[in-house]
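Pasting target_27.cif here (mmCIF, C-alpha atoms):
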```cif
data_query
#
loop_
_atom_site.group_PDB
_atom_site.id
_atom_site.type_symbol
_atom_site.label_atom_id
_atom_site.label_comp_id
_atom_site.auth_asym_id
_atom_site.auth_seq_id
_atom_site.Cartn_x
_atom_site.Cartn_y
_atom_site.Cartn_z
ATOM 1 C CA MET A 1 -137.855 -14.585 -106.891
ATOM 2 C CA SER A 2 -134.628 -16.141 -108.134
ATOM 3 C CA ASP A 3 -133.943 -19.769 -107.336
ATOM 4 C CA LEU A 4 -130.335 -18.825 -106.525
ATOM 5 C CA VAL A 5 -128.536 -18.222 -103.259
ATOM 6 C CA VAL A 6 -125.019 -17.028 -102.531
ATOM 7 C CA ILE A 7 -122.909 -19.218 -100.273
ATOM 8 C CA VAL A 8 -120.105 -17.461 -98.386
ATOM 9 C CA VAL A 9 -117.588 -19.368 -96.280
ATOM 10 C CA PHE A 10 -114.397 -18.331 -94.495
ATOM 11 C CA SER A 11 -111.506 -20.753 -94.769
ATOM 12 C CA PRO A 12 -107.850 -20.955 -93.804
ATOM 13 C CA ALA A 13 -105.956 -20.110 -96.988
ATOM 14 C CA ASP A 14 -104.373 -23.547 -97.368
ATOM 15 C CA ALA A 15 -107.758 -25.323 -97.179
ATOM 16 C CA ALA A 16 -109.509 -23.055 -99.712
ATOM 17 C CA PRO A 17 -108.813 -25.189 -102.836
ATOM 18 C CA LYS A 18 -110.328 -28.280 -101.171
ATOM 19 C CA ILE A 19 -113.404 -26.315 -100.077
ATOM 20 C CA ARG A 20 -113.892 -24.746 -103.525
ATOM 21 C CA ARG A 21 -113.666 -28.212 -105.102
ATOM 22 C CA ALA A 22 -116.198 -29.675 -102.619
ATOM 23 C CA LEU A 23 -118.658 -26.865 -103.382
ATOM 24 C CA ALA A 24 -118.231 -27.314 -107.141
ATOM 25 C CA ASP A 25 -118.561 -31.098 -106.985
ATOM 26 C CA ALA A 26 -121.872 -30.616 -105.136
ATOM 27 C CA GLY A 27 -123.195 -28.308 -107.873
ATOM 28 C CA ALA A 28 -122.430 -24.871 -106.463
ATOM 29 C CA GLY A 29 -120.918 -22.242 -108.730
ATOM 30 C CA GLU A 30 -122.935 -23.007 -111.862
ATOM 31 C CA LEU A 31 -123.574 -19.971 -114.088
ATOM 32 C CA GLY A 32 -125.059 -20.786 -117.469
ATOM 33 C CA GLU A 33 -122.494 -22.853 -119.355
ATOM 34 C CA TYR A 34 -119.828 -22.387 -116.647
ATOM 35 C CA ARG A 35 -119.237 -24.425 -113.515
ATOM 36 C CA ALA A 36 -117.025 -24.176 -110.416
ATOM 37 C CA CYS A 37 -117.350 -20.360 -110.459
ATOM 38 C CA THR A 38 -116.154 -18.830 -107.194
ATOM 39 C CA PHE A 39 -114.657 -15.611 -105.930
ATOM 40 C CA SER A 40 -112.094 -15.418 -103.128
ATOM 41 C CA ALA A 41 -110.755 -12.482 -101.151
ATOM 42 C CA SER A 42 -107.905 -12.736 -98.674
ATOM 43 C CA GLY A 43 -108.152 -11.386 -95.156
ATOM 44 C CA THR A 44 -107.430 -12.090 -91.527
ATOM 45 C CA GLY A 45 -109.759 -14.189 -89.403
ATOM 46 C CA ARG A 46 -109.743 -13.528 -85.675
ATOM 47 C CA PHE A 47 -111.209 -15.720 -82.956
ATOM 48 C CA GLU A 48 -110.691 -16.995 -79.442
ATOM 49 C CA PRO A 49 -111.547 -20.656 -78.840
ATOM 50 C CA SER A 50 -113.397 -21.371 -75.599
ATOM 51 C CA LEU A 51 -111.754 -23.615 -73.041
ATOM 52 C CA LYS A 52 -114.050 -26.437 -74.246
ATOM 53 C CA ALA A 53 -113.130 -25.986 -77.916
ATOM 54 C CA ASN A 54 -110.938 -28.330 -79.925
ATOM 55 C CA PRO A 55 -109.505 -25.828 -82.435
ATOM 56 C CA THR A 56 -107.760 -26.870 -85.627
ATOM 57 C CA ILE A 57 -105.635 -23.742 -85.296
ATOM 58 C CA GLY A 58 -104.881 -21.955 -82.031
ATOM 59 C CA THR A 59 -105.132 -22.712 -78.346
ATOM 60 C CA PRO A 60 -108.257 -22.684 -76.163
ATOM 61 C CA GLY A 61 -108.551 -19.398 -74.284
ATOM 62 C CA GLU A 62 -105.992 -17.620 -76.492
ATOM 63 C CA PRO A 63 -106.788 -15.017 -79.188
ATOM 64 C CA GLU A 64 -105.769 -16.182 -82.675
ATOM 65 C CA GLU A 65 -105.299 -14.606 -86.106
ATOM 66 C CA VAL A 66 -105.281 -16.683 -89.272
ATOM 67 C CA ALA A 67 -104.731 -15.862 -92.953
ATOM 68 C CA GLU A 68 -108.099 -16.774 -94.431
ATOM 69 C CA GLN A 69 -110.021 -16.577 -97.663
ATOM 70 C CA ARG A 70 -113.647 -15.537 -98.069
ATOM 71 C CA ILE A 71 -115.048 -17.881 -100.702
ATOM 72 C CA GLU A 72 -118.293 -16.941 -102.470
ATOM 73 C CA CYS A 73 -120.346 -18.767 -105.061
ATOM 74 C CA VAL A 74 -123.881 -18.863 -106.386
ATOM 75 C CA CYS A 75 -125.900 -22.017 -105.998
ATOM 76 C CA LYS A 76 -129.354 -23.199 -106.987
ATOM 77 C CA ARG A 77 -131.535 -23.544 -103.904
ATOM 78 C CA SER A 78 -132.203 -27.150 -104.859
ATOM 79 C CA LYS A 79 -128.472 -27.900 -104.554
ATOM 80 C CA ALA A 80 -127.643 -25.597 -101.622
ATOM 81 C CA ARG A 81 -128.084 -28.149 -98.823
ATOM 82 C CA ALA A 82 -125.827 -30.670 -100.568
ATOM 83 C CA ALA A 83 -123.278 -27.931 -101.305
ATOM 84 C CA LEU A 84 -123.249 -26.821 -97.651
ATOM 85 C CA GLU A 85 -122.899 -30.391 -96.416
ATOM 86 C CA ALA A 86 -119.980 -30.975 -98.811
ATOM 87 C CA MET A 87 -118.343 -27.699 -97.754
ATOM 88 C CA LEU A 88 -118.695 -28.553 -94.063
ATOM 89 C CA ALA A 89 -117.246 -32.033 -94.630
ATOM 90 C CA ALA A 90 -114.225 -30.538 -96.425
ATOM 91 C CA HIS A 91 -113.673 -27.692 -93.953
ATOM 92 C CA PRO A 92 -110.952 -28.197 -91.319
ATOM 93 C CA TYR A 93 -112.480 -25.925 -88.647
ATOM 94 C CA GLU A 94 -114.526 -27.269 -85.758
ATOM 95 C CA GLU A 95 -117.066 -24.421 -86.276
ATOM 96 C CA PRO A 96 -116.768 -22.966 -89.808
ATOM 97 C CA ALA A 97 -118.191 -19.482 -90.346
ATOM 98 C CA TYR A 98 -120.528 -19.389 -93.330
ATOM 99 C CA HIS A 99 -123.603 -17.539 -94.602
ATOM 100 C CA VAL A 100 -126.256 -18.197 -97.217
ATOM 101 C CA TYR A 101 -128.020 -15.232 -98.829
ATOM 102 C CA PRO A 102 -131.002 -15.181 -101.182
ATOM 103 C CA ILE A 103 -130.278 -13.113 -104.283
ATOM 104 C CA MET A 104 -132.214 -11.188 -106.873
ATOM 105 C CA THR A 105 -131.398 -11.215 -110.564
ATOM 106 C CA LEU A 106 -132.327 -8.697 -113.240
ATOM 107 C CA GLU A 107 -135.484 -10.691 -113.943
ATOM 108 C CA ASP A 108 -136.565 -10.205 -110.303
ATOM 109 C CA LEU A 109 -136.571 -6.407 -110.583
#
```

Translate the structure of the given file into structure tokens.
Amino acid sequence: MSDLVVIVVFSPADAAPKIRRALADAGAGELGEYRACTFSASGTGRFEPSLKANPTIGTPGEPEEVAEQRIECVCKRSKARAALEAMLAAHPYEEPAYHVYPIMTLEDL
């Protein structure tokens, strides 16, 4: 099985450059002789903070919509924890939405 994972994180559009940089500085996004490789797609994030939340954007108890970017990058498993910790430290949200997926390469098939 490949030693790579895909990290996906959803970010407010204005914070995306800082998050991409944090991921890259932690070693995510390395593909052969390239580094800091990411893909971003724009969309709308929707959420409703609980009354106990301390949201960066929005008001507790009120539905919110935010222009966000889905940021994706590959990462070696050995660097994934550090990359996630760097991403979380750079992220402005109280509870960032992110996922980590194992991947298969051609050699795995």

- [ ] Work out how far apart atom CA of A:Ile19 and atom CA of A:Thr59 are and give it in Å to one decimal.
- [x]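 Interatomic distance, atom CA of A:Ile19 to atom CA of A:Thr59: 23.5 Å.
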
Task: Selected residue, from A:Leu31, A:Val6, A:Ala36, A:Ala24, that lies nearest to A:Arg77 when counting all atoms listed in the file - done: A:Val6

Task: One-decimal distance in Å that lies between atom CA of A:Val5 and atom CA of A:Pro102 - done: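 Between atom CA of A:Pro102 and atom CA of A:Val5 the gap works out to 4.4 Å.
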
Open item on the list: Give me, as a PyMOL selection string, all polymer residues having an atom no more than 8 Å from A:Pro60, counting all atoms listed in the file and skipping those fewer than 3 positions away in the same chain.
Closed with: chain A and resi 48-55

Long-range neighbours of A:Arg20 as a PDB file with C-alpha atoms, in the frame of the given file, 8 Å cut-off, all atoms listed in the file, 5 positions minimum in chain:
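As written to disk, around-v1.pdb reads:
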```pdb
ATOM      1  CA  ALA A  36    -117.025 -24.176-110.416  1.00  0.00           C
ATOM      2  CA  THR A  38    -116.154 -18.830-107.194  1.00  0.00           C
ATOM      3  CA  ILE A  71    -115.048 -17.881-100.702  1.00  0.00           C
ATOM      4  CA  MET A  87    -118.343 -27.699 -97.754  1.00  0.00           C
TER       5      MET A  87
END
```

TODO: Please measure the separation of atom CA of A:Glu94 and atom CA of A:Ile57, giving the value in Å to one decimal.
DONE: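 These atoms are spaced 9.6 Å apart.
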
TODO: Check the smallest atom-to-atom distance from each of A:Thr105, A:Ser42, A:Thr56, A:Ser2 to A:Ala16 using only C-alpha atoms, then report the winner.
DONE: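 Looking only at the distances to A:Ala16, the closest residue turns out to be A:Ser42.
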
- [ ] Find the spatial neighbours of A:Arg21, counting only C-alpha atoms, within a cut-off of 12 Å - ignore same-chain residues fewer than 5 positions away - and output them as JSON, numbers by chain.
- [x] {"A": [15, 16, 26, 27, 28, 29, 35, 36, 37, 38, 71, 73, 83, 86, 87, 89, 90, 91]}

- [ ] Check the smallest atom-to-atom distance from each of A:Tyr98, A:Gly43, A:Glu33, A:Leu4 to A:Glu72 using all atoms listed in the file, then report the winner.
- [x]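 Smallest distance to A:Glu72 is found for A:Tyr98.
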
Since I can't run it myself right now, could you work out what the PyMOL selection byres ((chain A and resi 40) around 6) selects here and report it as a PDB file with C-alpha atoms, in the coordinates of the input?
```
ATOM      1  CA  PHE A  39    -114.657 -15.611-105.930  1.00  0.00           C
ATOM      2  CA  ALA A  41    -110.755 -12.482-101.151  1.00  0.00           C
ATOM      3  CA  GLN A  69    -110.021 -16.577 -97.663  1.00  0.00           C
ATOM      4  CA  ARG A  70    -113.647 -15.537 -98.069  1.00  0.00           C
ATOM      5  CA  ILE A  71    -115.048 -17.881-100.702  1.00  0.00           C
TER       6      ILE A  71
END
```

Task: Residue with smallest distance to A:Ala97 - pool A:Val74, A:Lys18, A:Gly45, A:Tyr34, counting all atoms listed in the file - done: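 Smallest distance to A:Ala97 is found for A:Gly45.
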
Which centre and edge lengths in Å to one decimal define the box along x, y and z that fits every listed atom of stretch 76-93 of chain A plus 4 Å per side, as JSON?
```
{"center_x": -121.6, "center_y": -27.6, "center_z": -97.8, "size_x": 29.3, "size_y": 16.8, "size_z": 26.3}
```

- [ ] Apply the PyMOL selection byres ((chain A and resi 46) around 10) to the displayed file and report the matching residues as JSON, numbers by chain.
- [x] {"A": [43, 44, 45, 47, 48, 63, 64, 65, 66, 67, 68]}

Open item on the list: Measuring between all atoms listed in the file, which one of A:Glu107, A:Ala82, A:His99, A:Pro92 shows the shortest distance to A:Ala13?
Closed with: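 Nearest to A:Ala13: A:Pro92.
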
- [ ] Point out the residue among A:Leu106, A:Ala80, A:Glu95, A:Tyr101 with the least atom-to-atom distance to A:Asp25, counting only C-alpha atoms.
- [x]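 Comparing A:Leu106, A:Ala80, A:Glu95, A:Tyr101 against A:Asp25, the winner is A:Ala80.
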